[in-house]
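Chemist: This is the content of target.pdb (PDB, N, CA and C atoms):
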```
ATOM      1  N   MET A 663       9.673 -12.378  34.057  1.00  0.00           N
ATOM      2  CA  MET A 663       9.256 -11.066  33.602  1.00  0.00           C
ATOM      3  C   MET A 663       8.086 -10.613  34.465  1.00  0.00           C
ATOM      4  N   THR A 664       8.118  -9.370  34.894  1.00  0.00           N
ATOM      5  CA  THR A 664       7.016  -8.794  35.661  1.00  0.00           C
ATOM      6  C   THR A 664       6.067  -8.067  34.708  1.00  0.00           C
ATOM      7  N   ARG A 665       4.917  -7.670  35.218  1.00  0.00           N
ATOM      8  CA  ARG A 665       3.977  -6.918  34.378  1.00  0.00           C
ATOM      9  C   ARG A 665       4.579  -5.586  33.942  1.00  0.00           C
ATOM     10  N   GLU A 666       5.332  -4.949  34.847  1.00  0.00           N
ATOM     11  CA  GLU A 666       5.968  -3.682  34.507  1.00  0.00           C
ATOM     12  C   GLU A 666       6.959  -3.877  33.354  1.00  0.00           C
ATOM     13  N   GLN A 667       7.761  -4.930  33.424  1.00  0.00           N
ATOM     14  CA  GLN A 667       8.716  -5.221  32.356  1.00  0.00           C
ATOM     15  C   GLN A 667       7.977  -5.544  31.052  1.00  0.00           C
ATOM     16  N   PHE A 668       6.873  -6.249  31.175  1.00  0.00           N
ATOM     17  CA  PHE A 668       6.057  -6.586  30.005  1.00  0.00           C
ATOM     18  C   PHE A 668       5.581  -5.315  29.309  1.00  0.00           C
ATOM     19  N   PHE A 669       5.024  -4.370  30.083  1.00  0.00           N
ATOM     20  CA  PHE A 669       4.532  -3.123  29.501  1.00  0.00           C
ATOM     21  C   PHE A 669       5.669  -2.295  28.919  1.00  0.00           C
ATOM     22  N   GLU A 670       6.831  -2.300  29.555  1.00  0.00           N
ATOM     23  CA  GLU A 670       7.993  -1.591  29.019  1.00  0.00           C
ATOM     24  C   GLU A 670       8.421  -2.191  27.677  1.00  0.00           C
ATOM     25  N   THR A 671       8.404  -3.521  27.589  1.00  0.00           N
ATOM     26  CA  THR A 671       8.769  -4.205  26.349  1.00  0.00           C
ATOM     27  C   THR A 671       7.805  -3.827  25.227  1.00  0.00           C
ATOM     28  N   LEU A 672       6.510  -3.781  25.537  1.00  0.00           N
ATOM     29  CA  LEU A 672       5.527  -3.382  24.528  1.00  0.00           C
ATOM     30  C   LEU A 672       5.784  -1.949  24.070  1.00  0.00           C
ATOM     31  N   GLU A 673       6.029  -1.063  25.020  1.00  0.00           N
ATOM     32  CA  GLU A 673       6.249   0.343  24.689  1.00  0.00           C
ATOM     33  C   GLU A 673       7.481   0.530  23.807  1.00  0.00           C
ATOM     34  N   VAL A 674       8.569  -0.146  24.140  1.00  0.00           N
ATOM     35  CA  VAL A 674       9.809  -0.036  23.358  1.00  0.00           C
ATOM     36  C   VAL A 674       9.584  -0.490  21.918  1.00  0.00           C
ATOM     37  N   ASN A 675       8.690  -1.451  21.737  1.00  0.00           N
ATOM     38  CA  ASN A 675       8.424  -1.989  20.405  1.00  0.00           C
ATOM     39  C   ASN A 675       7.229  -1.330  19.713  1.00  0.00           C
ATOM     40  N   GLY A 676       6.731  -0.238  20.297  1.00  0.00           N
ATOM     41  CA  GLY A 676       5.660   0.526  19.663  1.00  0.00           C
ATOM     42  C   GLY A 676       4.317  -0.165  19.666  1.00  0.00           C
ATOM     43  N   ILE A 677       4.062  -0.986  20.676  1.00  0.00           N
ATOM     44  CA  ILE A 677       2.804  -1.737  20.754  1.00  0.00           C
ATOM     45  C   ILE A 677       1.927  -1.130  21.848  1.00  0.00           C
ATOM     46  N   ASP A 678       0.680  -0.852  21.529  1.00  0.00           N
ATOM     47  CA  ASP A 678      -0.266  -0.283  22.482  1.00  0.00           C
ATOM     48  C   ASP A 678      -0.580  -1.310  23.566  1.00  0.00           C
ATOM     49  N   LYS A 679      -0.380  -0.931  24.826  1.00  0.00           N
ATOM     50  CA  LYS A 679      -0.606  -1.872  25.928  1.00  0.00           C
ATOM     51  C   LYS A 679      -2.080  -2.216  26.114  1.00  0.00           C
ATOM     52  N   ASN A 680      -2.972  -1.444  25.524  1.00  0.00           N
ATOM     53  CA  ASN A 680      -4.404  -1.691  25.684  1.00  0.00           C
ATOM     54  C   ASN A 680      -4.918  -2.862  24.857  1.00  0.00           C
ATOM     55  N   ILE A 681      -4.069  -3.471  24.027  1.00  0.00           N
ATOM     56  CA  ILE A 681      -4.526  -4.649  23.278  1.00  0.00           C
ATOM     57  C   ILE A 681      -4.466  -5.911  24.130  1.00  0.00           C
ATOM     58  N   VAL A 682      -3.913  -5.787  25.345  1.00  0.00           N
ATOM     59  CA  VAL A 682      -3.792  -6.931  26.251  1.00  0.00           C
ATOM     60  C   VAL A 682      -4.671  -6.708  27.469  1.00  0.00           C
ATOM     61  N   SER A 683      -5.460  -7.721  27.815  1.00  0.00           N
ATOM     62  CA  SER A 683      -6.267  -7.644  29.028  1.00  0.00           C
ATOM     63  C   SER A 683      -5.793  -8.708  30.014  1.00  0.00           C
ATOM     64  N   PHE A 684      -5.837  -8.350  31.277  1.00  0.00           N
ATOM     65  CA  PHE A 684      -5.461  -9.263  32.348  1.00  0.00           C
ATOM     66  C   PHE A 684      -6.711  -9.690  33.098  1.00  0.00           C
ATOM     67  N   ASP A 685      -6.916 -10.985  33.212  1.00  0.00           N
ATOM     68  CA  ASP A 685      -8.019 -11.549  33.991  1.00  0.00           C
ATOM     69  C   ASP A 685      -9.392 -11.021  33.578  1.00  0.00           C
ATOM     70  N   ASP A 686      -9.554 -10.687  32.310  1.00  0.00           N
ATOM     71  CA  ASP A 686     -10.830 -10.193  31.794  1.00  0.00           C
ATOM     72  C   ASP A 686     -11.330 -11.178  30.751  1.00  0.00           C
ATOM     73  N   SER A 687     -12.404 -11.866  31.069  1.00  0.00           N
ATOM     74  CA  SER A 687     -12.885 -12.905  30.165  1.00  0.00           C
ATOM     75  C   SER A 687     -13.890 -12.373  29.142  1.00  0.00           C
ATOM     76  N   ILE A 688     -14.104 -11.063  29.111  1.00  0.00           N
ATOM     77  CA  ILE A 688     -15.080 -10.498  28.183  1.00  0.00           C
ATOM     78  C   ILE A 688     -14.412  -9.671  27.081  1.00  0.00           C
ATOM     79  N   LYS A 689     -13.389  -8.910  27.424  1.00  0.00           N
ATOM     80  CA  LYS A 689     -12.745  -8.007  26.477  1.00  0.00           C
ATOM     81  C   LYS A 689     -12.109  -8.783  25.323  1.00  0.00           C
ATOM     82  N   GLU A 690     -12.297  -8.284  24.114  1.00  0.00           N
ATOM     83  CA  GLU A 690     -11.705  -8.936  22.945  1.00  0.00           C
ATOM     84  C   GLU A 690     -10.258  -8.524  22.768  1.00  0.00           C
ATOM     85  N   GLY A 691      -9.483  -9.377  22.151  1.00  0.00           N
ATOM     86  CA  GLY A 691      -8.072  -9.125  21.914  1.00  0.00           C
ATOM     87  C   GLY A 691      -7.222 -10.178  22.607  1.00  0.00           C
ATOM     88  N   HIS A 692      -5.994  -9.823  22.903  1.00  0.00           N
ATOM     89  CA  HIS A 692      -5.063 -10.743  23.552  1.00  0.00           C
ATOM     90  C   HIS A 692      -5.284 -10.692  25.058  1.00  0.00           C
ATOM     91  N   GLY A 693      -5.219 -11.847  25.695  1.00  0.00           N
ATOM     92  CA  GLY A 693      -5.446 -11.883  27.134  1.00  0.00           C
ATOM     93  C   GLY A 693      -4.494 -12.813  27.856  1.00  0.00           C
ATOM     94  N   ILE A 694      -4.395 -12.586  29.152  1.00  0.00           N
ATOM     95  CA  ILE A 694      -3.611 -13.451  30.024  1.00  0.00           C
ATOM     96  C   ILE A 694      -4.380 -13.568  31.338  1.00  0.00           C
ATOM     97  N   ARG A 695      -4.435 -14.780  31.875  1.00  0.00           N
ATOM     98  CA  ARG A 695      -5.181 -15.009  33.115  1.00  0.00           C
ATOM     99  C   ARG A 695      -4.612 -16.198  33.867  1.00  0.00           C
ATOM    100  N   GLN A 696      -4.924 -16.224  35.160  1.00  0.00           N
ATOM    101  CA  GLN A 696      -4.572 -17.394  35.947  1.00  0.00           C
ATOM    102  C   GLN A 696      -5.784 -18.313  35.945  1.00  0.00           C
ATOM    103  N   ASN A 697      -5.553 -19.573  35.638  1.00  0.00           N
ATOM    104  CA  ASN A 697      -6.614 -20.562  35.585  1.00  0.00           C
ATOM    105  C   ASN A 697      -6.176 -21.752  36.430  1.00  0.00           C
ATOM    106  N   TYR A 698      -6.741 -21.848  37.624  1.00  0.00           N
ATOM    107  CA  TYR A 698      -6.342 -22.856  38.601  1.00  0.00           C
ATOM    108  C   TYR A 698      -4.853 -22.722  38.911  1.00  0.00           C
ATOM    109  N   HIS A 699      -4.035 -23.691  38.571  1.00  0.00           N
ATOM    110  CA  HIS A 699      -2.622 -23.660  38.952  1.00  0.00           C
ATOM    111  C   HIS A 699      -1.693 -23.283  37.803  1.00  0.00           C
ATOM    112  N   ARG A 700      -2.245 -22.719  36.742  1.00  0.00           N
ATOM    113  CA  ARG A 700      -1.398 -22.320  35.617  1.00  0.00           C
ATOM    114  C   ARG A 700      -1.856 -20.975  35.081  1.00  0.00           C
ATOM    115  N   TRP A 701      -1.004 -20.383  34.259  1.00  0.00           N
ATOM    116  CA  TRP A 701      -1.318 -19.136  33.584  1.00  0.00           C
ATOM    117  C   TRP A 701      -1.593 -19.436  32.125  1.00  0.00           C
ATOM    118  N   GLU A 702      -2.555 -18.724  31.542  1.00  0.00           N
ATOM    119  CA  GLU A 702      -2.922 -18.951  30.145  1.00  0.00           C
ATOM    120  C   GLU A 702      -2.862 -17.651  29.349  1.00  0.00           C
ATOM    121  N   THR A 703      -2.417 -17.772  28.112  1.00  0.00           N
ATOM    122  CA  THR A 703      -2.537 -16.676  27.153  1.00  0.00           C
ATOM    123  C   THR A 703      -3.552 -17.121  26.111  1.00  0.00           C
ATOM    124  N   PHE A 704      -4.250 -16.157  25.542  1.00  0.00           N
ATOM    125  CA  PHE A 704      -5.293 -16.503  24.568  1.00  0.00           C
ATOM    126  C   PHE A 704      -5.641 -15.289  23.728  1.00  0.00           C
ATOM    127  N   ILE A 705      -6.393 -15.532  22.684  1.00  0.00           N
ATOM    128  CA  ILE A 705      -6.963 -14.473  21.861  1.00  0.00           C
ATOM    129  C   ILE A 705      -8.472 -14.644  21.912  1.00  0.00           C
ATOM    130  N   ARG A 706      -9.186 -13.571  22.201  1.00  0.00           N
ATOM    131  CA  ARG A 706     -10.645 -13.607  22.243  1.00  0.00           C
ATOM    132  C   ARG A 706     -11.179 -12.745  21.101  1.00  0.00           C
ATOM    133  N   GLU A 707     -12.063 -13.370  20.309  1.00  0.00           N
ATOM    134  CA  GLU A 707     -12.676 -12.666  19.188  1.00  0.00           C
ATOM    135  C   GLU A 707     -14.117 -13.121  19.050  1.00  0.00           C
ATOM    136  N   ARG A 708     -15.017 -12.177  19.028  1.00  0.00           N
ATOM    137  CA  ARG A 708     -16.454 -12.448  18.881  1.00  0.00           C
ATOM    138  C   ARG A 708     -16.956 -13.475  19.894  1.00  0.00           C
ATOM    139  N   GLY A 709     -16.480 -13.349  21.115  1.00  0.00           N
ATOM    140  CA  GLY A 709     -16.942 -14.213  22.189  1.00  0.00           C
ATOM    141  C   GLY A 709     -16.300 -15.583  22.238  1.00  0.00           C
ATOM    142  N   GLN A 710     -15.396 -15.885  21.336  1.00  0.00           N
ATOM    143  CA  GLN A 710     -14.710 -17.185  21.309  1.00  0.00           C
ATOM    144  C   GLN A 710     -13.238 -17.001  21.653  1.00  0.00           C
ATOM    145  N   GLU A 711     -12.682 -17.986  22.353  1.00  0.00           N
ATOM    146  CA  GLU A 711     -11.257 -17.954  22.678  1.00  0.00           C
ATOM    147  C   GLU A 711     -10.497 -18.883  21.750  1.00  0.00           C
ATOM    148  N   TYR A 712      -9.344 -18.397  21.292  1.00  0.00           N
ATOM    149  CA  TYR A 712      -8.498 -19.162  20.387  1.00  0.00           C
ATOM    150  C   TYR A 712      -7.073 -19.188  20.933  1.00  0.00           C
ATOM    151  N   ASN A 713      -6.324 -20.172  20.504  1.00  0.00           N
ATOM    152  CA  ASN A 713      -4.902 -20.281  20.836  1.00  0.00           C
ATOM    153  C   ASN A 713      -4.637 -20.196  22.335  1.00  0.00           C
ATOM    154  N   VAL A 714      -5.425 -20.904  23.127  1.00  0.00           N
ATOM    155  CA  VAL A 714      -5.222 -20.920  24.578  1.00  0.00           C
ATOM    156  C   VAL A 714      -4.011 -21.802  24.873  1.00  0.00           C
ATOM    157  N   ILE A 715      -3.007 -21.204  25.509  1.00  0.00           N
ATOM    158  CA  ILE A 715      -1.772 -21.924  25.826  1.00  0.00           C
ATOM    159  C   ILE A 715      -1.488 -21.743  27.310  1.00  0.00           C
ATOM    160  N   GLY A 716      -1.181 -22.835  28.009  1.00  0.00           N
ATOM    161  CA  GLY A 716      -0.909 -22.791  29.441  1.00  0.00           C
ATOM    162  C   GLY A 716       0.574 -22.721  29.755  1.00  0.00           C
ATOM    163  N   TYR A 717       0.903 -22.030  30.842  1.00  0.00           N
ATOM    164  CA  TYR A 717       2.288 -21.867  31.303  1.00  0.00           C
ATOM    165  C   TYR A 717       2.335 -22.073  32.814  1.00  0.00           C
ATOM    166  N   PRO A 718       3.481 -22.506  33.337  1.00  0.00           N
ATOM    167  CA  PRO A 718       3.572 -22.773  34.770  1.00  0.00           C
ATOM    168  C   PRO A 718       3.639 -21.516  35.640  1.00  0.00           C
ATOM    169  N   SER A 719       3.994 -20.361  35.046  1.00  0.00           N
ATOM    170  CA  SER A 719       4.095 -19.140  35.854  1.00  0.00           C
ATOM    171  C   SER A 719       3.639 -17.933  35.035  1.00  0.00           C
ATOM    172  N   GLU A 720       3.317 -16.860  35.746  1.00  0.00           N
ATOM    173  CA  GLU A 720       2.937 -15.623  35.070  1.00  0.00           C
ATOM    174  C   GLU A 720       4.107 -15.095  34.250  1.00  0.00           C
ATOM    175  N   SER A 721       5.297 -15.204  34.776  1.00  0.00           N
ATOM    176  CA  SER A 721       6.486 -14.738  34.070  1.00  0.00           C
ATOM    177  C   SER A 721       6.650 -15.440  32.727  1.00  0.00           C
ATOM    178  N   ASP A 722       6.509 -16.760  32.727  1.00  0.00           N
ATOM    179  CA  ASP A 722       6.618 -17.517  31.470  1.00  0.00           C
ATOM    180  C   ASP A 722       5.547 -17.084  30.469  1.00  0.00           C
ATOM    181  N   ALA A 723       4.326 -16.866  30.959  1.00  0.00           N
ATOM    182  CA  ALA A 723       3.234 -16.452  30.084  1.00  0.00           C
ATOM    183  C   ALA A 723       3.492 -15.062  29.511  1.00  0.00           C
ATOM    184  N   LEU A 724       4.006 -14.148  30.337  1.00  0.00           N
ATOM    185  CA  LEU A 724       4.293 -12.797  29.863  1.00  0.00           C
ATOM    186  C   LEU A 724       5.407 -12.789  28.822  1.00  0.00           C
ATOM    187  N   ILE A 725       6.429 -13.596  29.026  1.00  0.00           N
ATOM    188  CA  ILE A 725       7.517 -13.689  28.060  1.00  0.00           C
ATOM    189  C   ILE A 725       6.987 -14.194  26.715  1.00  0.00           C
ATOM    190  N   ALA A 726       6.212 -15.271  26.767  1.00  0.00           N
ATOM    191  CA  ALA A 726       5.673 -15.848  25.532  1.00  0.00           C
ATOM    192  C   ALA A 726       4.736 -14.866  24.827  1.00  0.00           C
ATOM    193  N   LEU A 727       3.878 -14.189  25.595  1.00  0.00           N
ATOM    194  CA  LEU A 727       2.940 -13.247  24.982  1.00  0.00           C
ATOM    195  C   LEU A 727       3.673 -12.050  24.396  1.00  0.00           C
ATOM    196  N   SER A 728       4.692 -11.565  25.082  1.00  0.00           N
ATOM    197  CA  SER A 728       5.440 -10.426  24.540  1.00  0.00           C
ATOM    198  C   SER A 728       6.129 -10.815  23.235  1.00  0.00           C
ATOM    199  N   GLU A 729       6.701 -12.004  23.171  1.00  0.00           N
ATOM    200  CA  GLU A 729       7.343 -12.455  21.935  1.00  0.00           C
ATOM    201  C   GLU A 729       6.328 -12.578  20.803  1.00  0.00           C
ATOM    202  N   GLN A 730       5.155 -13.097  21.132  1.00  0.00           N
ATOM    203  CA  GLN A 730       4.104 -13.238  20.122  1.00  0.00           C
ATOM    204  C   GLN A 730       3.652 -11.865  19.615  1.00  0.00           C
ATOM    205  N   LEU A 731       3.424 -10.927  20.522  1.00  0.00           N
ATOM    206  CA  LEU A 731       2.956  -9.599  20.129  1.00  0.00           C
ATOM    207  C   LEU A 731       4.005  -8.842  19.332  1.00  0.00           C
ATOM    208  N   ILE A 732       5.267  -8.974  19.702  1.00  0.00           N
ATOM    209  CA  ILE A 732       6.338  -8.317  18.951  1.00  0.00           C
ATOM    210  C   ILE A 732       6.399  -8.886  17.539  1.00  0.00           C
ATOM    211  N   GLY A 733       6.212 -10.199  17.410  1.00  0.00           N
ATOM    212  CA  GLY A 733       6.205 -10.820  16.091  1.00  0.00           C
ATOM    213  C   GLY A 733       5.080 -10.341  15.199  1.00  0.00           C
ATOM    214  N   ILE A 734       3.955 -10.010  15.803  1.00  0.00           N
ATOM    215  CA  ILE A 734       2.788  -9.570  15.027  1.00  0.00           C
ATOM    216  C   ILE A 734       2.772  -8.052  14.832  1.00  0.00           C
ATOM    217  N   TYR A 735       2.950  -7.298  15.917  1.00  0.00           N
ATOM    218  CA  TYR A 735       2.742  -5.843  15.891  1.00  0.00           C
ATOM    219  C   TYR A 735       4.017  -5.015  16.044  1.00  0.00           C
ATOM    220  N   GLY A 736       5.148  -5.631  16.334  1.00  0.00           N
ATOM    221  CA  GLY A 736       6.371  -4.885  16.627  1.00  0.00           C
ATOM    222  C   GLY A 736       6.885  -4.073  15.460  1.00  0.00           C
ATOM    223  N   LYS A 737       7.740  -3.126  15.799  1.00  0.00           N
ATOM    224  CA  LYS A 737       8.367  -2.282  14.775  1.00  0.00           C
ATOM    225  C   LYS A 737       9.170  -3.155  13.820  1.00  0.00           C
ATOM    226  N   LYS A 738       9.068  -2.860  12.573  1.00  0.00           N
ATOM    227  CA  LYS A 738       9.801  -3.623  11.550  1.00  0.00           C
ATOM    228  C   LYS A 738      11.096  -2.938  11.232  1.00  0.00           C
TER
END
```
Any chance you could give the structure as structure tokens?
Modeler:
Amino acid sequence: MTREQFFETLEVNGIDKNIVSFDDSIKEGHGIRQNYHRWETFIRERGQEYNVIGYPSESDALIALSEQLIGIYGKK
């Protein structure tokens, strides 16, 4: 999955793309970043990171994050 496909998936499911930050370690909410040789998804709240999960590629991380966001915020 590319970033463009990721944003399209969010839009189709009625999810605001601004709840996700890329490579931003300060912004609160859902995030995705490259950390050494892997990609990580996480949730940042009040300066703390939670649910940090590593993936071998950006595509894998985007797929997992899109599924997670659809499960939480997607159209019912």
Chemist: For Leu731 of chain A, which of A:Asn697, A:Gln710, A:Thr664, A:Thr703 is the closest residue, counting only C-alpha atoms?
Modeler: A:Thr703
Chemist: Starting from the displayed file, determine the output of the PyMOL selection byres ((chain A and resi 715) around 5) and express the residue list as number ranges by chain.
Modeler: A: 702-703, 713-714, 716-717
Chemist: Identify all residues of segment 696-726 of chain A in strand (DSSP E) (DSSP on the backbone) and supply them as a list in words.
Modeler: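 Those in segment 696-726 of chain A that DSSP calls strand (DSSP E) are Gln696, Asn697, Arg700, Trp701, Glu702, Thr703, Phe704, Ile705, Arg706, Glu707, Gln710, Glu711, Tyr712, Asn713, Val714, Ile715, Gly716 and Tyr717 of chain A.
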Chemist: Nearest to Ile725 of chain A among A:Glu707, A:Lys737, A:Phe668, A:Tyr712, with distances taken over all atoms listed in the file: which residue is it?
Modeler: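 So, comparing all the options, the nearest one is A:Phe668.
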Chemist: Could you please write out, as a PyMOL selection string, every residue of segment 668-730 of chain A that DSSP assigns to alpha helix (DSSP H)?
Modeler: chain A and resi 668-674+720-730
Chemist: Excluding Glu690 of chain A and residues on its chain fewer than 2 positions from it, collect all residues at most 6 Å away from it, counting only N, CA and C atoms, and give them as an MDAnalysis selection string.
Modeler: chainID A and resid 688 692 706:707
Chemist: Taking all atoms listed in the file into account, name the residue in A:Phe669, A:Gln696, A:Val682, A:Gly691 that is nearest to Arg708 of chain A.
Modeler: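 Closest candidate: A:Gly691.
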